[in-house]
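As provided, structure.txt (compact mmCIF, N, CA and C atoms) reads as follows.
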```txt
# COMPACT_ATOMS: atom_id res chain seq x y z
N MET V 1 43.90 -3.99 -254.69
CA MET V 1 42.83 -4.82 -254.18
C MET V 1 41.72 -4.87 -255.23
N THR V 2 41.24 -6.05 -255.55
CA THR V 2 40.18 -6.18 -256.55
C THR V 2 38.85 -5.73 -255.96
N ALA V 3 37.85 -5.57 -256.83
CA ALA V 3 36.52 -5.16 -256.36
C ALA V 3 35.98 -6.19 -255.38
N MET V 4 36.13 -7.48 -255.71
CA MET V 4 35.64 -8.53 -254.82
C MET V 4 36.45 -8.54 -253.53
N GLY V 5 37.78 -8.32 -253.64
CA GLY V 5 38.63 -8.28 -252.46
C GLY V 5 38.25 -7.12 -251.54
N PHE V 6 37.99 -5.96 -252.13
CA PHE V 6 37.58 -4.80 -251.34
C PHE V 6 36.23 -5.04 -250.70
N SER V 7 35.29 -5.60 -251.46
CA SER V 7 33.95 -5.84 -250.93
C SER V 7 33.98 -6.81 -249.76
N SER V 8 34.77 -7.87 -249.89
CA SER V 8 34.83 -8.83 -248.79
C SER V 8 35.54 -8.23 -247.58
N TRP V 9 36.57 -7.41 -247.81
CA TRP V 9 37.24 -6.73 -246.71
C TRP V 9 36.26 -5.79 -246.00
N LEU V 10 35.52 -5.02 -246.80
CA LEU V 10 34.55 -4.09 -246.24
C LEU V 10 33.48 -4.83 -245.44
N ARG V 11 32.98 -5.92 -246.00
CA ARG V 11 31.95 -6.70 -245.31
C ARG V 11 32.47 -7.28 -243.99
N ARG V 12 33.67 -7.86 -244.02
CA ARG V 12 34.24 -8.45 -242.79
C ARG V 12 34.39 -7.38 -241.70
N ASN V 13 34.96 -6.23 -242.06
CA ASN V 13 35.15 -5.15 -241.08
C ASN V 13 33.82 -4.60 -240.59
N ALA V 14 32.90 -4.37 -241.52
CA ALA V 14 31.59 -3.84 -241.13
C ALA V 14 30.88 -4.79 -240.18
N GLU V 15 30.86 -6.09 -240.51
CA GLU V 15 30.20 -7.07 -239.64
C GLU V 15 30.84 -7.08 -238.26
N HIS V 16 32.17 -7.10 -238.23
CA HIS V 16 32.88 -7.17 -236.95
C HIS V 16 32.57 -5.95 -236.07
N TYR V 17 32.73 -4.76 -236.64
CA TYR V 17 32.57 -3.56 -235.83
C TYR V 17 31.11 -3.25 -235.53
N LEU V 18 30.19 -3.65 -236.39
CA LEU V 18 28.77 -3.49 -236.05
C LEU V 18 28.41 -4.43 -234.89
N LEU V 19 29.01 -5.60 -234.86
CA LEU V 19 28.79 -6.53 -233.75
C LEU V 19 29.36 -5.96 -232.44
N VAL V 20 30.56 -5.41 -232.51
CA VAL V 20 31.17 -4.78 -231.31
C VAL V 20 30.30 -3.62 -230.84
N ALA V 21 29.81 -2.79 -231.77
CA ALA V 21 28.95 -1.66 -231.41
C ALA V 21 27.66 -2.15 -230.77
N ALA V 22 27.11 -3.25 -231.28
CA ALA V 22 25.91 -3.83 -230.67
C ALA V 22 26.19 -4.32 -229.26
N HIS V 23 27.36 -4.94 -229.06
CA HIS V 23 27.75 -5.38 -227.72
C HIS V 23 27.85 -4.19 -226.77
N GLU V 24 28.44 -3.09 -227.25
CA GLU V 24 28.54 -1.88 -226.42
C GLU V 24 27.16 -1.38 -226.02
N LYS V 25 26.25 -1.34 -226.99
CA LYS V 25 24.90 -0.84 -226.73
C LYS V 25 24.17 -1.71 -225.72
N ILE V 26 24.25 -3.01 -225.89
CA ILE V 26 23.56 -3.93 -224.97
C ILE V 26 24.18 -3.85 -223.58
N ALA V 27 25.51 -3.77 -223.51
CA ALA V 27 26.17 -3.66 -222.21
C ALA V 27 25.72 -2.39 -221.49
N HIS V 28 25.59 -1.31 -222.23
CA HIS V 28 25.13 -0.05 -221.63
C HIS V 28 23.69 -0.19 -221.13
N GLN V 29 22.83 -0.80 -221.94
CA GLN V 29 21.43 -0.98 -221.56
C GLN V 29 21.28 -1.88 -220.33
N GLN V 30 22.12 -2.91 -220.25
CA GLN V 30 22.01 -3.88 -219.17
C GLN V 30 22.87 -3.52 -217.95
N GLY V 31 23.68 -2.50 -218.08
CA GLY V 31 24.54 -2.09 -216.96
C GLY V 31 25.67 -3.08 -216.70
N THR V 32 26.16 -3.74 -217.75
CA THR V 32 27.25 -4.69 -217.60
C THR V 32 28.52 -4.13 -218.22
N THR V 33 29.59 -4.87 -218.09
CA THR V 33 30.88 -4.42 -218.61
C THR V 33 30.88 -4.42 -220.13
N PRO V 34 31.17 -3.28 -220.74
CA PRO V 34 31.21 -3.22 -222.22
C PRO V 34 32.54 -3.76 -222.74
N PRO V 35 32.62 -3.97 -224.06
CA PRO V 35 33.92 -4.32 -224.64
C PRO V 35 34.91 -3.19 -224.39
N ARG V 36 36.18 -3.48 -224.55
CA ARG V 36 37.20 -2.45 -224.32
C ARG V 36 36.97 -1.27 -225.27
N PRO V 37 37.38 -0.08 -224.87
CA PRO V 37 37.21 1.09 -225.75
C PRO V 37 38.06 0.94 -227.02
N PRO V 38 37.67 1.63 -228.09
CA PRO V 38 38.45 1.53 -229.32
C PRO V 38 39.86 2.07 -229.14
N ARG V 39 40.80 1.40 -229.80
CA ARG V 39 42.20 1.83 -229.78
C ARG V 39 42.63 2.13 -231.20
N GLY V 40 43.18 3.26 -231.40
CA GLY V 40 43.71 3.62 -232.72
C GLY V 40 42.64 4.20 -233.63
N LEU V 41 43.11 4.83 -234.69
CA LEU V 41 42.21 5.50 -235.62
C LEU V 41 41.26 4.54 -236.33
N LYS V 42 41.75 3.34 -236.67
CA LYS V 42 40.91 2.37 -237.37
C LYS V 42 39.68 2.02 -236.53
N GLU V 43 39.89 1.64 -235.29
CA GLU V 43 38.76 1.26 -234.43
C GLU V 43 37.87 2.45 -234.12
N ILE V 44 38.45 3.61 -233.92
CA ILE V 44 37.65 4.82 -233.67
C ILE V 44 36.75 5.10 -234.86
N PHE V 45 37.30 5.00 -236.08
CA PHE V 45 36.48 5.23 -237.27
C PHE V 45 35.32 4.24 -237.33
N TRP V 46 35.62 2.96 -237.23
CA TRP V 46 34.57 1.94 -237.39
C TRP V 46 33.52 2.02 -236.29
N LEU V 47 33.95 2.26 -235.05
CA LEU V 47 33.00 2.23 -233.93
C LEU V 47 32.32 3.57 -233.65
N ARG V 48 32.98 4.68 -233.92
CA ARG V 48 32.41 5.98 -233.56
C ARG V 48 31.86 6.75 -234.76
N ILE V 49 32.25 6.35 -235.97
CA ILE V 49 31.74 7.03 -237.16
C ILE V 49 30.89 6.08 -238.01
N PHE V 50 31.50 4.97 -238.46
CA PHE V 50 30.79 4.06 -239.36
C PHE V 50 29.54 3.46 -238.73
N ALA V 51 29.67 2.84 -237.56
CA ALA V 51 28.53 2.14 -236.94
C ALA V 51 27.34 3.08 -236.68
N PRO V 52 27.55 4.28 -236.09
CA PRO V 52 26.40 5.17 -235.89
C PRO V 52 25.76 5.65 -237.19
N VAL V 53 26.60 5.97 -238.19
CA VAL V 53 26.05 6.42 -239.48
C VAL V 53 25.27 5.30 -240.13
N TYR V 54 25.83 4.10 -240.14
CA TYR V 54 25.15 2.94 -240.73
C TYR V 54 23.82 2.69 -240.02
N GLY V 55 23.83 2.79 -238.70
CA GLY V 55 22.61 2.58 -237.93
C GLY V 55 21.54 3.64 -238.18
N ALA V 56 21.97 4.83 -238.57
CA ALA V 56 21.02 5.93 -238.82
C ALA V 56 20.40 5.86 -240.21
N LEU V 57 21.02 5.09 -241.12
CA LEU V 57 20.48 4.98 -242.47
C LEU V 57 19.17 4.21 -242.46
N PRO V 58 18.21 4.62 -243.28
CA PRO V 58 16.97 3.85 -243.36
C PRO V 58 17.25 2.48 -244.00
N TRP V 59 16.46 1.49 -243.60
CA TRP V 59 16.67 0.12 -244.09
C TRP V 59 16.65 0.06 -245.61
N SER V 60 15.79 0.80 -246.27
CA SER V 60 15.71 0.74 -247.73
C SER V 60 17.05 1.12 -248.37
N LEU V 61 17.73 2.11 -247.83
CA LEU V 61 19.03 2.53 -248.36
C LEU V 61 20.10 1.48 -248.04
N ARG V 62 20.11 0.97 -246.81
CA ARG V 62 21.08 -0.07 -246.45
C ARG V 62 20.92 -1.28 -247.36
N SER V 63 19.69 -1.66 -247.60
CA SER V 63 19.41 -2.82 -248.44
C SER V 63 19.91 -2.60 -249.87
N ARG V 64 19.68 -1.43 -250.41
CA ARG V 64 20.17 -1.12 -251.76
C ARG V 64 21.69 -1.16 -251.84
N ILE V 65 22.35 -0.63 -250.82
CA ILE V 65 23.81 -0.65 -250.78
C ILE V 65 24.33 -2.08 -250.76
N MET V 66 23.74 -2.92 -249.91
CA MET V 66 24.18 -4.31 -249.81
C MET V 66 23.97 -5.07 -251.12
N ARG V 67 22.82 -4.84 -251.76
CA ARG V 67 22.55 -5.52 -253.03
C ARG V 67 23.46 -5.05 -254.15
N ALA V 68 23.93 -3.83 -254.07
CA ALA V 68 24.80 -3.29 -255.12
C ALA V 68 26.22 -3.83 -255.03
N MET V 69 26.63 -4.29 -253.85
CA MET V 69 27.99 -4.77 -253.67
C MET V 69 28.08 -6.26 -253.96
N PRO V 70 29.17 -6.67 -254.63
CA PRO V 70 29.33 -8.11 -254.86
C PRO V 70 29.63 -8.81 -253.54
N GLY V 71 29.22 -10.04 -253.44
CA GLY V 71 29.51 -10.81 -252.23
C GLY V 71 28.45 -11.84 -251.94
N SER V 72 28.66 -12.57 -250.86
CA SER V 72 27.79 -13.70 -250.54
C SER V 72 26.38 -13.27 -250.20
N HIS V 73 26.18 -12.03 -249.75
CA HIS V 73 24.83 -11.59 -249.39
C HIS V 73 23.93 -11.47 -250.62
N ARG V 74 24.50 -11.56 -251.82
CA ARG V 74 23.69 -11.48 -253.03
C ARG V 74 23.25 -12.86 -253.50
N ARG V 75 23.78 -13.90 -252.91
CA ARG V 75 23.41 -15.25 -253.32
C ARG V 75 21.97 -15.53 -252.92
N THR V 76 21.29 -16.25 -253.77
CA THR V 76 19.92 -16.63 -253.45
C THR V 76 19.91 -18.05 -252.94
N TRP V 77 18.82 -18.44 -252.32
CA TRP V 77 18.69 -19.80 -251.82
C TRP V 77 18.69 -20.76 -252.99
N ALA V 78 19.32 -21.90 -252.82
CA ALA V 78 19.31 -22.94 -253.85
C ALA V 78 17.92 -23.55 -253.90
N PRO V 79 17.49 -23.99 -255.08
CA PRO V 79 16.19 -24.65 -255.14
C PRO V 79 16.19 -25.93 -254.31
N ALA V 80 15.05 -26.26 -253.77
CA ALA V 80 14.94 -27.47 -252.95
C ALA V 80 15.22 -28.70 -253.81
N PRO V 81 15.89 -29.71 -253.26
CA PRO V 81 16.16 -30.91 -254.04
C PRO V 81 14.85 -31.64 -254.37
N ARG V 82 14.83 -32.28 -255.51
CA ARG V 82 13.64 -33.02 -255.93
C ARG V 82 13.48 -34.24 -255.04
N PRO V 83 12.28 -34.50 -254.58
CA PRO V 83 12.07 -35.70 -253.74
C PRO V 83 12.37 -36.97 -254.52
N ARG V 84 13.03 -37.90 -253.84
CA ARG V 84 13.36 -39.20 -254.45
C ARG V 84 13.17 -40.28 -253.41
N GLY V 85 13.10 -41.47 -253.85
CA GLY V 85 13.04 -42.59 -252.94
C GLY V 85 11.67 -43.24 -252.88
N PRO V 86 11.55 -44.28 -252.07
CA PRO V 86 10.31 -45.06 -252.03
C PRO V 86 9.13 -44.30 -251.41
N ALA V 87 9.37 -43.27 -250.61
CA ALA V 87 8.26 -42.56 -249.98
C ALA V 87 7.58 -41.59 -250.92
N VAL V 88 8.18 -41.35 -252.06
CA VAL V 88 7.62 -40.37 -252.99
C VAL V 88 6.63 -41.01 -253.91
```
Could you rewrite the structure in this file as structure tokens?
Amino acid sequence: MTAMGFSSWLRRNAEHYLLVAAHEKIAHQQGTTPPRPPRGLKEIFWLRIFAPVYGALPWSLRSRIMRAMPGSHRRTWAPAPRPRGPAV
């Protein structure tokens, strides 16, 4: 797996399981039905180890980690297009 391939795999899994963990937390707070419990070692790792550890990290560290990894989160906004046309 290439560095970019690993980074995108890591990002996809992290986003997915952080979202599931957030759903679990909100369901618990609201007293509603949570998502199904994790099945298998992969889901247990992402939901019971990765998500809590990631959530406990200070934002400054999380931000540095994200900026260090290649991927779409490092892209900057494109400059605004130059105004054209009769109204300009």
inquiry  = Let's see if you can do this: from backbone DSSP, list all alpha helix (DSSP H) residues in chain V, as number ranges by chain.
reply    = V: 3-30, 40-44, 51-56, 59-68
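The gap separating atom N of Arg39 (chain V) from CA of Phe6 (chain V) is 22.6 Å, in Å to one decimal.
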query = Could you pull the residues within 6.5 Å of region 19-28 of chain V, counting all atoms listed in the file, minus those fewer than 6 positions along the same chain, as a PyMOL selection string?
reply = chain V and resi 34-35+47
Grab the residues selected above and save them as a PDB file, in the coordinates of the input with N, CA and C atoms.
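That gives us result02.pdb:
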```pdb
ATOM      1  N   PRO V  34      31.170  -3.280-220.740  1.00  0.00           N
ATOM      2  CA  PRO V  34      31.210  -3.220-222.220  1.00  0.00           C
ATOM      3  C   PRO V  34      32.540  -3.760-222.740  1.00  0.00           C
ATOM      4  N   PRO V  35      32.620  -3.970-224.060  1.00  0.00           N
ATOM      5  CA  PRO V  35      33.920  -4.320-224.640  1.00  0.00           C
ATOM      6  C   PRO V  35      34.910  -3.190-224.390  1.00  0.00           C
ATOM      7  N   LEU V  47      33.950   2.260-235.050  1.00  0.00           N
ATOM      8  CA  LEU V  47      33.000   2.230-233.930  1.00  0.00           C
ATOM      9  C   LEU V  47      32.320   3.570-233.650  1.00  0.00           C
TER      10      LEU V  47
END
```
Interatomic distance (Å, one decimal) between atom C of Gly5 (chain V) and atom N of Pro70 (chain V) =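 These two atoms are separated by 9.6 Å.
Every protein or nucleic acid residue with an atom no more than 8 Å from Pro38 (chain V), counting only N, CA and C atoms and leaving out same-chain residues fewer than 6 positions away, appears here: Ile44, Phe45, Leu47 and Arg48 of chain V.
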message = What does the structure give for the distance between atom C of Leu61 (chain V) and CA of Ser7 (chain V), in Å to one decimal?
response =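 Going from atom C of Leu61 (chain V) over to CA of Ser7 (chain V), I get 15.9 Å.
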ask   = Nearest to Ala14 (chain V) among V:Ala51, V:Thr32, V:Ile65, V:Leu41, with distances taken over only C-alpha atoms: which residue is it?
value =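 Counting only C-alpha atoms, the residue closest to Ala14 (chain V) is V:Ala51.
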